[in-house]
>>> print(open('protein_31.cif').read())   # mmCIF, C-alpha atoms and all ligand atoms
data_work
#
loop_
_atom_site.label_atom_id
_atom_site.label_comp_id
_atom_site.auth_asym_id
_atom_site.auth_seq_id
_atom_site.Cartn_x
_atom_site.Cartn_y
_atom_site.Cartn_z
CA MET H 1 10.97 19.95 6.45
CA SER H 2 13.04 17.54 8.58
CA LYS H 3 13.34 13.83 7.81
CA VAL H 4 11.03 13.03 10.73
CA GLN H 5 8.44 15.57 9.54
CA GLU H 6 8.59 14.09 6.03
CA ILE H 7 7.99 10.58 7.35
CA ILE H 8 5.12 11.81 9.50
CA GLU H 9 3.49 13.38 6.40
CA GLU H 10 3.97 10.08 4.54
CA LEU H 11 2.39 8.24 7.48
CA VAL H 12 -0.61 10.60 7.45
CA THR H 13 -0.97 9.93 3.70
CA GLY H 14 -0.80 6.18 4.38
CA ASN H 15 -3.62 6.51 6.92
CA ARG H 16 -5.79 8.53 4.52
CA ILE H 17 -5.22 6.13 1.61
CA LEU H 18 -6.06 3.06 3.69
CA ALA H 19 -9.25 4.78 4.81
CA ARG H 20 -10.17 5.92 1.29
CA GLU H 21 -9.57 2.46 -0.14
CA GLU H 22 -11.69 0.95 2.67
CA ILE H 23 -8.91 -1.17 4.15
CA LEU H 24 -9.30 0.64 7.48
CA ASP H 25 -12.61 2.04 8.75
CA SER H 26 -12.86 3.70 12.16
CA PHE H 27 -10.33 1.23 13.53
CA GLY H 28 -6.97 -0.22 12.53
CA HIS H 29 -3.65 1.58 12.20
CA ILE H 30 -0.39 2.02 10.29
CA SER H 31 3.03 2.70 11.82
CA VAL H 32 6.55 3.39 10.58
CA ARG H 33 9.92 2.78 12.19
CA HIS H 34 11.47 6.03 13.43
CA PRO H 35 13.91 7.27 10.75
CA GLU H 36 16.47 8.46 13.34
CA ASN H 37 16.11 5.76 16.00
CA PRO H 38 15.46 2.16 14.86
CA ASN H 39 14.37 1.24 18.40
CA ARG H 40 11.35 3.51 18.18
CA TYR H 41 8.33 3.80 15.91
CA LEU H 42 5.75 6.41 14.93
CA LEU H 43 2.00 5.75 15.26
CA SER H 44 -1.05 7.97 15.59
CA ARG H 45 -2.97 8.57 18.79
CA ALA H 46 -6.21 6.56 19.02
CA ARG H 47 -8.19 8.14 16.18
CA ALA H 48 -9.98 7.02 12.99
CA PRO H 49 -7.42 6.87 10.12
CA ASP H 50 -9.32 9.22 7.82
CA LEU H 51 -9.12 12.01 10.43
CA ILE H 52 -5.44 11.73 11.32
CA GLU H 53 -3.20 14.80 11.10
CA ALA H 54 0.56 15.19 11.64
CA GLU H 55 -0.16 16.45 15.17
CA ASP H 56 -1.67 13.08 16.08
CA ILE H 57 1.54 11.09 15.55
CA ILE H 58 3.21 9.82 18.74
CA THR H 59 6.69 8.27 19.15
CA PHE H 60 6.83 4.89 20.90
CA GLU H 61 9.50 2.64 22.35
CA MET H 62 9.46 -0.96 21.09
CA ASP H 63 7.63 -2.09 24.25
CA GLY H 64 4.74 0.28 23.55
CA THR H 65 5.77 3.02 25.99
CA ALA H 66 4.83 6.42 24.58
CA VAL H 67 7.74 8.89 24.49
CA ASP H 68 5.85 12.10 23.82
CA ALA H 69 2.11 11.36 24.09
CA GLY H 70 1.22 14.16 26.52
CA GLU H 71 -2.58 14.14 26.80
CA ARG H 72 -2.96 12.08 23.61
CA LYS H 73 -4.38 8.58 24.12
CA PRO H 74 -2.55 5.75 22.30
CA TYR H 75 -4.11 2.77 20.53
CA LEU H 76 -4.63 -0.27 22.78
CA GLU H 77 -3.15 -2.56 20.12
CA ARG H 78 0.12 -0.70 19.49
CA TYR H 79 1.98 -3.86 20.66
CA ILE H 80 1.34 -5.45 17.25
CA HIS H 81 3.65 -2.84 15.76
CA GLY H 82 6.40 -2.96 18.40
CA ALA H 83 6.55 -6.75 18.39
CA ILE H 84 7.01 -6.89 14.61
CA PHE H 85 9.59 -4.07 14.51
CA GLU H 86 11.46 -5.74 17.40
CA ALA H 87 11.69 -9.14 15.69
CA ARG H 88 12.16 -8.00 12.08
CA PRO H 89 14.84 -5.29 11.68
CA GLU H 90 14.21 -5.06 7.93
CA VAL H 91 10.54 -4.15 8.42
CA GLN H 92 9.94 -0.40 8.28
CA CYS H 93 6.14 -0.28 8.21
CA VAL H 94 3.34 -2.26 9.87
CA ILE H 95 -0.42 -2.16 9.24
CA HIS H 96 -3.08 -3.68 11.48
CA SER H 97 -6.52 -3.88 9.88
CA HIS H 98 -9.94 -5.44 10.41
CA THR H 99 -10.64 -5.63 6.66
CA GLY H 100 -13.89 -7.57 6.32
CA SER H 101 -12.93 -9.59 3.25
CA LEU H 102 -10.21 -11.35 5.28
CA LEU H 103 -12.31 -12.52 8.22
CA PRO H 104 -13.84 -15.61 6.56
CA PHE H 105 -10.38 -17.01 5.82
CA GLY H 106 -9.38 -16.79 9.46
CA VAL H 107 -12.40 -18.69 10.78
CA THR H 108 -13.05 -21.39 8.16
CA GLY H 109 -9.58 -22.84 7.62
CA TRP H 110 -9.88 -22.04 3.90
CA GLN H 111 -6.35 -21.05 2.88
CA LEU H 112 -5.81 -17.52 1.60
CA LYS H 113 -3.29 -17.76 -1.24
CA PRO H 114 -2.27 -15.54 -4.14
CA MET H 115 -4.66 -15.88 -7.04
CA ALA H 116 -4.27 -12.62 -8.98
CA HIS H 117 -0.73 -11.86 -10.23
CA VAL H 118 -0.41 -8.67 -8.16
CA GLY H 119 -1.63 -10.67 -5.17
CA ALA H 120 1.72 -12.50 -5.18
CA CYS H 121 2.94 -9.78 -2.80
CA ILE H 122 0.92 -11.35 0.05
CA GLY H 123 3.18 -14.43 0.07
CA ARG H 124 2.65 -18.07 -0.85
CA ASP H 125 0.63 -19.19 2.17
CA VAL H 126 -0.90 -16.66 4.54
CA PRO H 127 -0.79 -18.04 8.13
CA VAL H 128 -3.56 -17.56 10.70
CA TRP H 129 -2.80 -16.58 14.30
CA ASP H 130 -5.41 -17.69 16.82
CA SER H 131 -5.13 -15.82 20.12
CA GLU H 132 -7.16 -18.48 21.89
CA ASP H 133 -4.43 -21.08 21.39
CA LYS H 134 -2.19 -19.46 24.00
CA PHE H 135 -4.30 -16.83 25.73
CA GLY H 136 -7.73 -18.52 25.97
CA ASP H 137 -10.90 -16.45 26.02
CA THR H 138 -9.97 -12.80 25.57
CA ASP H 139 -11.56 -9.82 23.81
CA LEU H 140 -9.13 -10.76 20.97
CA LEU H 141 -7.28 -7.46 21.25
CA VAL H 142 -3.46 -7.54 21.27
CA VAL H 143 -2.94 -5.53 24.44
CA ASN H 144 0.59 -6.47 25.56
CA MET H 145 3.97 -7.52 24.18
CA SER H 146 3.40 -11.17 25.10
CA MET H 147 0.48 -11.34 22.69
CA GLY H 148 2.33 -9.28 20.09
CA ARG H 149 5.35 -11.58 20.21
CA ASP H 150 3.14 -14.64 19.90
CA LEU H 151 1.55 -13.14 16.78
CA VAL H 152 5.04 -12.53 15.37
CA LYS H 153 5.85 -16.23 15.78
CA THR H 154 2.99 -16.99 13.38
CA LEU H 155 4.04 -14.20 11.01
CA GLY H 156 7.55 -15.73 10.86
CA SER H 157 9.56 -14.34 7.97
CA GLY H 158 6.43 -13.58 5.95
CA ASN H 159 4.71 -10.24 5.49
CA VAL H 160 1.07 -11.10 6.24
CA ALA H 161 -0.63 -12.93 9.11
CA LEU H 162 -4.38 -13.21 9.55
CA MET H 163 -5.77 -12.93 13.10
CA ARG H 164 -8.69 -15.31 13.70
CA GLY H 165 -11.97 -13.48 14.29
CA HIS H 166 -10.19 -10.12 14.24
CA GLY H 167 -8.18 -9.00 11.21
CA CYS H 168 -4.60 -9.08 10.04
CA ALA H 169 -1.07 -7.75 10.42
CA VAL H 170 0.88 -6.65 7.34
CA ALA H 171 4.59 -5.79 7.20
CA GLY H 172 6.56 -3.93 4.56
CA ALA H 173 9.93 -2.50 3.63
CA ASN H 174 8.45 1.00 3.49
CA ILE H 175 5.08 2.75 3.84
CA ARG H 176 4.19 2.55 0.15
CA GLU H 177 5.04 -1.11 -0.27
CA CYS H 178 3.12 -1.98 2.91
CA VAL H 179 0.01 -0.02 1.83
CA PHE H 180 0.22 -1.67 -1.59
CA ARG H 181 0.35 -5.10 0.07
CA ALA H 182 -2.58 -4.39 2.41
CA ILE H 183 -4.74 -3.23 -0.52
CA GLN H 184 -3.79 -6.20 -2.72
CA LEU H 185 -4.51 -8.53 0.20
CA ASP H 186 -8.09 -7.26 0.26
CA VAL H 187 -8.43 -7.47 -3.54
CA ASN H 188 -7.10 -11.03 -3.57
CA ALA H 189 -9.38 -12.15 -0.73
CA ARG H 190 -12.47 -10.81 -2.54
CA LEU H 191 -11.43 -12.40 -5.84
CA GLN H 192 -10.72 -15.71 -4.16
CA LYS H 193 -14.18 -15.84 -2.59
CA GLU H 194 -15.78 -14.99 -5.94
CA ALA H 195 -13.75 -17.65 -7.75
CA LEU H 196 -14.56 -20.19 -5.09
CA GLY H 197 -18.27 -19.82 -5.85
CA MET H 198 -17.73 -20.25 -9.60
CA SER H 199 -15.43 -23.21 -9.01
CA GLN H 200 -18.36 -25.09 -7.50
CA LEU H 201 -19.82 -25.13 -11.02
CA THR H 202 -16.65 -25.79 -13.02
CA GLY H 203 -14.64 -27.91 -10.60
CA LYS H 204 -11.60 -25.77 -11.40
CA LEU H 205 -9.67 -23.37 -9.15
CA LYS H 206 -6.06 -22.55 -10.00
CA PHE H 207 -3.82 -20.43 -7.78
CA LEU H 208 -0.51 -18.86 -8.82
CA THR H 209 2.29 -21.42 -9.01
CA ASP H 210 5.33 -21.13 -6.72
CA GLY H 211 7.39 -20.10 -9.74
CA GLU H 212 4.91 -17.40 -10.69
CA ILE H 213 4.97 -16.02 -7.15
CA LYS H 214 8.77 -15.93 -7.17
CA ALA H 215 8.80 -14.24 -10.58
CA TRP H 216 6.40 -11.55 -9.37
CA GLU H 217 8.40 -10.93 -6.18
CA LYS H 218 11.24 -9.68 -8.42
CA ILE H 219 9.07 -6.86 -9.71
CA LEU H 220 7.78 -5.79 -6.29
CA THR H 221 9.72 -2.54 -6.63
CA PRO H 222 8.83 1.16 -6.82
CA TYR H 223 7.97 0.51 -10.47
CA SER H 224 5.03 -1.56 -9.22
CA TRP H 225 3.73 0.58 -6.39
CA GLU H 226 4.55 4.19 -7.41
CA ARG H 227 1.88 4.35 -10.13
CA ALA H 228 -0.68 3.11 -7.63
CA TRP H 229 0.59 5.39 -4.84
CA GLU H 230 0.27 8.52 -7.00
CA ASN H 231 -3.26 7.48 -7.96
CA TRP H 232 -4.23 6.67 -4.36
CA CYS H 233 -2.83 10.03 -3.17
CA LYS H 234 -5.14 11.80 -5.60
CA ARG H 235 -8.13 9.74 -4.47
CA ALA H 236 -7.32 10.47 -0.81
CA ASN H 237 -6.79 14.20 -1.53
CA ARG H 238 -3.16 14.09 -0.36
CA PRO H 239 -0.11 15.49 -2.19
CA TYR H 240 2.06 13.04 -4.12
CA LEU H 241 5.61 13.69 -2.96
CA GLY H 242 7.60 11.69 -5.52
CA GLN H 243 9.96 8.94 -4.47
CA PRO H 244 9.39 7.26 -1.08
CA MET H 245 11.32 8.64 1.89
CA ILE H 246 11.43 5.27 3.68
MN MN H 301 -7.63 -4.82 16.07
#
>>> encode(input="protein_31.cif", output="structure tokens")
Amino acid sequence: MSKVQEIIEELVTGNRILAREEILDSFGHISVRHPENPNRYLLSRARAPDLIEAEDIITFEMDGTAVDAGERKPYLERYIHGAIFEARPEVQCVIHSHTGSLLPFGVTGWQLKPMAHVGACIGRDVPVWDSEDKFGDTDLLVVNMSMGRDLVKTLGSGNVALMRGHGCAVAGANIRECVFRAIQLDVNARLQKEALGMSQLTGKLKFLTDGEIKAWEKILTPYSWERAWENWCKRANRPYLGQPMI
């Protein structure tokens, strides 16, 4: 199997895991930078993540132009991926999701912050991008590079940005780290909402300290995500292929 074929298999596994863990439903997507050409990325044709096969993966230029789509129809929001890869050379994987647990944080102004120790991987303060600020009344979809690049301004050097009334964008150094982050983002959002309700009774709500977040960032390594990845592969009925390829 070639390097590109291996990455495509890993990307299919990423899609299946995100579907199985209910981060993506019929919508949302995960991409990876092309292993042989850093100016291109790999992303499925427009299809529900749980159904995606290797044959669905299309190669794109950074500006969203499909290189080899043929009759396959691309996702409308592929610009999220190209804009992040374009601005952040160290990013190798991008996930765009509509995970329901995140939506309330994007519309209420209540700050999503790490609360559980593993949740430190989402970053200290998760910013919210509001498409209306620059683009006015739209259908909220990121359908061109101008919108994608504006989202990236909000993402900055972080790895998570919420999208008001829509979902989120998650970046990572490889597919496994990025999937890990997207799943922990959902876990942390649900825990935070639960704790917020209890805090109304106790008057207490303590997030991770800056020092605790920094300490946890040091152990965001394969040691942290490989155990989870192997488990998630089994749950998604996909083979576990050992160490990450990218
Ligand atoms: Mn979307």
>>> closest_residue(input="protein_31.cif", among="H:Ala120, H:Glu22, H:Val143, H:Ile30", to="Gly211 in chain H", atoms="only C-alpha atoms")
H:Ala120
>>> closest_atom_pairs(input="protein_31.cif", of="chain H", to="ligand MN 301 (chain H)", cutoff="9 Å", atoms="only C-alpha atoms and all ligand atoms", output="tab-separated table")
residue	atom	partner	partner_atom	distance
H:Phe27	CA	H:MN301	MN	7.1
H:Gly28	CA	H:MN301	MN	5.8
H:His29	CA	H:MN301	MN	8.5
H:Leu76	CA	H:MN301	MN	8.6
H:Glu77	CA	H:MN301	MN	6.4
H:His96	CA	H:MN301	MN	6.6
H:Ser97	CA	H:MN301	MN	6.4
H:His98	CA	H:MN301	MN	6.1
H:Leu140	CA	H:MN301	MN	7.8
H:Leu141	CA	H:MN301	MN	5.8
H:Val142	CA	H:MN301	MN	7.2
H:Met163	CA	H:MN301	MN	8.8
H:His166	CA	H:MN301	MN	6.2
H:Gly167	CA	H:MN301	MN	6.4
H:Cys168	CA	H:MN301	MN	8.0
>>> residues_around(input="protein_31.cif", residues="Lys204 in chain H", least_positions_apart="6", cutoff="10 Å", atoms="only C-alpha atoms", output="VMD selection string")
chain H and resid 195 to 196 198
>>> residues_near_point(input="protein_31.cif", point="(-3.0, -18.5, 6.5)", cutoff="7 Å", atoms="all atoms listed in the file", output="PDB file with C-alpha atoms, in the coordinates of the input")
ATOM      1  CA  GLN H 111      -6.350 -21.050   2.880  1.00  0.00           C
ATOM      2  CA  LEU H 112      -5.810 -17.520   1.600  1.00  0.00           C
ATOM      3  CA  ASP H 125       0.630 -19.190   2.170  1.00  0.00           C
ATOM      4  CA  VAL H 126      -0.900 -16.660   4.540  1.00  0.00           C
ATOM      5  CA  PRO H 127      -0.790 -18.040   8.130  1.00  0.00           C
ATOM      6  CA  VAL H 128      -3.560 -17.560  10.700  1.00  0.00           C
ATOM      7  CA  ALA H 161      -0.630 -12.930   9.110  1.00  0.00           C
ATOM      8  CA  LEU H 162      -4.380 -13.210   9.550  1.00  0.00           C
TER       9      LEU H 162
END
>>> atom_distance(input="protein_31.cif", atom1="CA of Val67 in chain H", atom2="CA of Thr99 in chain H")
29.4 Å
>>> closest_residue(input="protein_31.cif", among="H:Ala54, H:Ala169, H:Val160, H:Met147", to="Asp133 in chain H", atoms="all atoms listed in the file")
H:Met147
>>> atom_distance(input="protein_31.cif", atom1="CA of Trp225 in chain H", atom2="CA of Gly64 in chain H")
30.0 Å
>>> atom_distance(input="protein_31.cif", atom1="CA of Cys93 in chain H", atom2="CA of Met115 in chain H")
24.3 Å
>>> closest_residue(input="protein_31.cif", among="H:Leu208, H:Leu18, H:Ala83, H:Leu103", to="Glu61 in chain H", atoms="all atoms listed in the file")
H:Ala83
>>> closest_residue(input="protein_31.cif", among="H:Asp186, H:Glu55, H:Glu90, H:Glu230", to="Asp68 in chain H", atoms="all atoms listed in the file")
H:Glu55
>>> closest_residue(input="protein_31.cif", among="H:Gln200, H:Glu132, H:Glu177, H:Thr209", to="Glu226 in chain H", atoms="only C-alpha atoms")
H:Glu177
>>> closest_residue(input="protein_31.cif", among="H:Leu43, H:Ile84, H:Ile17, H:Val118", to="Ile219 in chain H", atoms="only C-alpha atoms")
H:Val118
>>> residues_around(input="protein_31.cif", residues="Cys233 in chain H", least_positions_apart="3", cutoff="9 Å", atoms="only C-alpha atoms", output="list in words")
Thr13, Gly14, Arg16, Ile17, Ala228, Trp229, Glu230, Ala236, Asn237, Arg238, Pro239 and Tyr240 of chain H
>>> decode(input="protein_31.cif", residues="range 150-162 of chain H", atoms="all heavy atoms", output="tab-separated table (two decimals), in the first residue's frame")
chain	number	residue	atom	x	y	z
H	150	ASP	N	-11.58	34.23	7.02
H	150	ASP	CA	-12.08	35.02	8.15
H	150	ASP	C	-12.23	34.14	9.40
H	150	ASP	O	-11.90	34.55	10.51
H	150	ASP	CB	-13.43	35.65	7.77
H	150	ASP	CG	-13.81	36.77	8.75
H	150	ASP	OD1	-13.01	37.71	8.91
H	150	ASP	OD2	-14.89	36.68	9.36
H	151	LEU	N	-12.70	32.92	9.19
H	151	LEU	CA	-12.78	31.95	10.29
H	151	LEU	C	-11.39	31.69	10.87
H	151	LEU	O	-11.22	31.62	12.09
H	151	LEU	CB	-13.42	30.65	9.78
H	151	LEU	CG	-13.29	29.41	10.66
H	151	LEU	CD1	-14.01	29.60	12.00
H	151	LEU	CD2	-13.87	28.18	9.94
H	152	VAL	N	-10.41	31.56	10.01
H	152	VAL	CA	-9.04	31.28	10.46
H	152	VAL	C	-8.49	32.42	11.32
H	152	VAL	O	-7.72	32.19	12.25
H	152	VAL	CB	-8.12	31.00	9.25
H	152	VAL	CG1	-6.65	30.96	9.67
H	152	VAL	CG2	-8.51	29.70	8.59
H	153	LYS	N	-8.90	33.66	11.02
H	153	LYS	CA	-8.47	34.78	11.86
H	153	LYS	C	-8.94	34.58	13.31
H	153	LYS	O	-8.23	34.88	14.26
H	153	LYS	CB	-9.08	36.09	11.33
H	153	LYS	CG	-8.33	36.68	10.17
H	153	LYS	CD	-8.93	38.06	9.84
H	153	LYS	CE	-8.64	38.42	8.40
H	153	LYS	NZ	-9.50	39.53	7.94
H	154	THR	N	-10.15	34.08	13.47
H	154	THR	CA	-10.66	33.81	14.82
H	154	THR	C	-9.94	32.61	15.45
H	154	THR	O	-9.62	32.63	16.63
H	154	THR	CB	-12.18	33.54	14.77
H	154	THR	OG1	-12.83	34.71	14.28
H	154	THR	CG2	-12.74	33.17	16.13
H	155	LEU	N	-9.67	31.60	14.65
H	155	LEU	CA	-8.96	30.42	15.16
H	155	LEU	C	-7.58	30.81	15.67
H	155	LEU	O	-7.12	30.31	16.70
H	155	LEU	CB	-8.84	29.37	14.04
H	155	LEU	CG	-8.08	28.09	14.37
H	155	LEU	CD1	-8.88	27.25	15.37
H	155	LEU	CD2	-7.81	27.28	13.10
H	156	GLY	N	-6.91	31.75	14.95
H	156	GLY	CA	-5.58	32.20	15.37
H	156	GLY	C	-4.59	31.05	15.42
H	156	GLY	O	-4.54	30.23	14.51
H	157	SER	N	-3.85	30.99	16.51
H	157	SER	CA	-2.87	29.91	16.66
H	157	SER	C	-3.43	28.75	17.48
H	157	SER	O	-2.72	27.80	17.80
H	157	SER	CB	-1.60	30.45	17.34
H	157	SER	OG	-1.94	30.97	18.61
H	158	GLY	N	-4.73	28.84	17.81
H	158	GLY	CA	-5.36	27.77	18.58
H	158	GLY	C	-5.77	26.60	17.71
H	158	GLY	O	-5.53	26.59	16.49
H	159	ASN	N	-6.41	25.61	18.32
H	159	ASN	CA	-6.80	24.41	17.58
H	159	ASN	C	-8.31	24.19	17.53
H	159	ASN	O	-8.76	23.19	16.96
H	159	ASN	CB	-6.12	23.18	18.20
H	159	ASN	CG	-4.64	23.16	17.90
H	159	ASN	OD1	-4.22	23.44	16.77
H	159	ASN	ND2	-3.83	22.86	18.90
H	160	VAL	N	-9.07	25.09	18.15
H	160	VAL	CA	-10.53	24.95	18.13
H	160	VAL	C	-11.16	26.33	17.98
H	160	VAL	O	-10.75	27.27	18.67
H	160	VAL	CB	-11.08	24.33	19.44
H	160	VAL	CG1	-12.60	24.19	19.36
H	160	VAL	CG2	-10.44	22.97	19.71
H	161	ALA	N	-12.13	26.46	17.08
H	161	ALA	CA	-12.96	27.66	17.02
H	161	ALA	C	-14.41	27.22	16.89
H	161	ALA	O	-14.72	26.36	16.06
H	161	ALA	CB	-12.56	28.55	15.84
H	162	LEU	N	-15.28	27.79	17.71
H	162	LEU	CA	-16.71	27.54	17.54
H	162	LEU	C	-17.23	28.45	16.43
H	162	LEU	O	-16.67	29.52	16.18
H	162	LEU	CB	-17.47	27.82	18.84
H	162	LEU	CG	-17.06	27.02	20.06
H	162	LEU	CD1	-18.01	27.31	21.22
H	162	LEU	CD2	-17.04	25.52	19.77
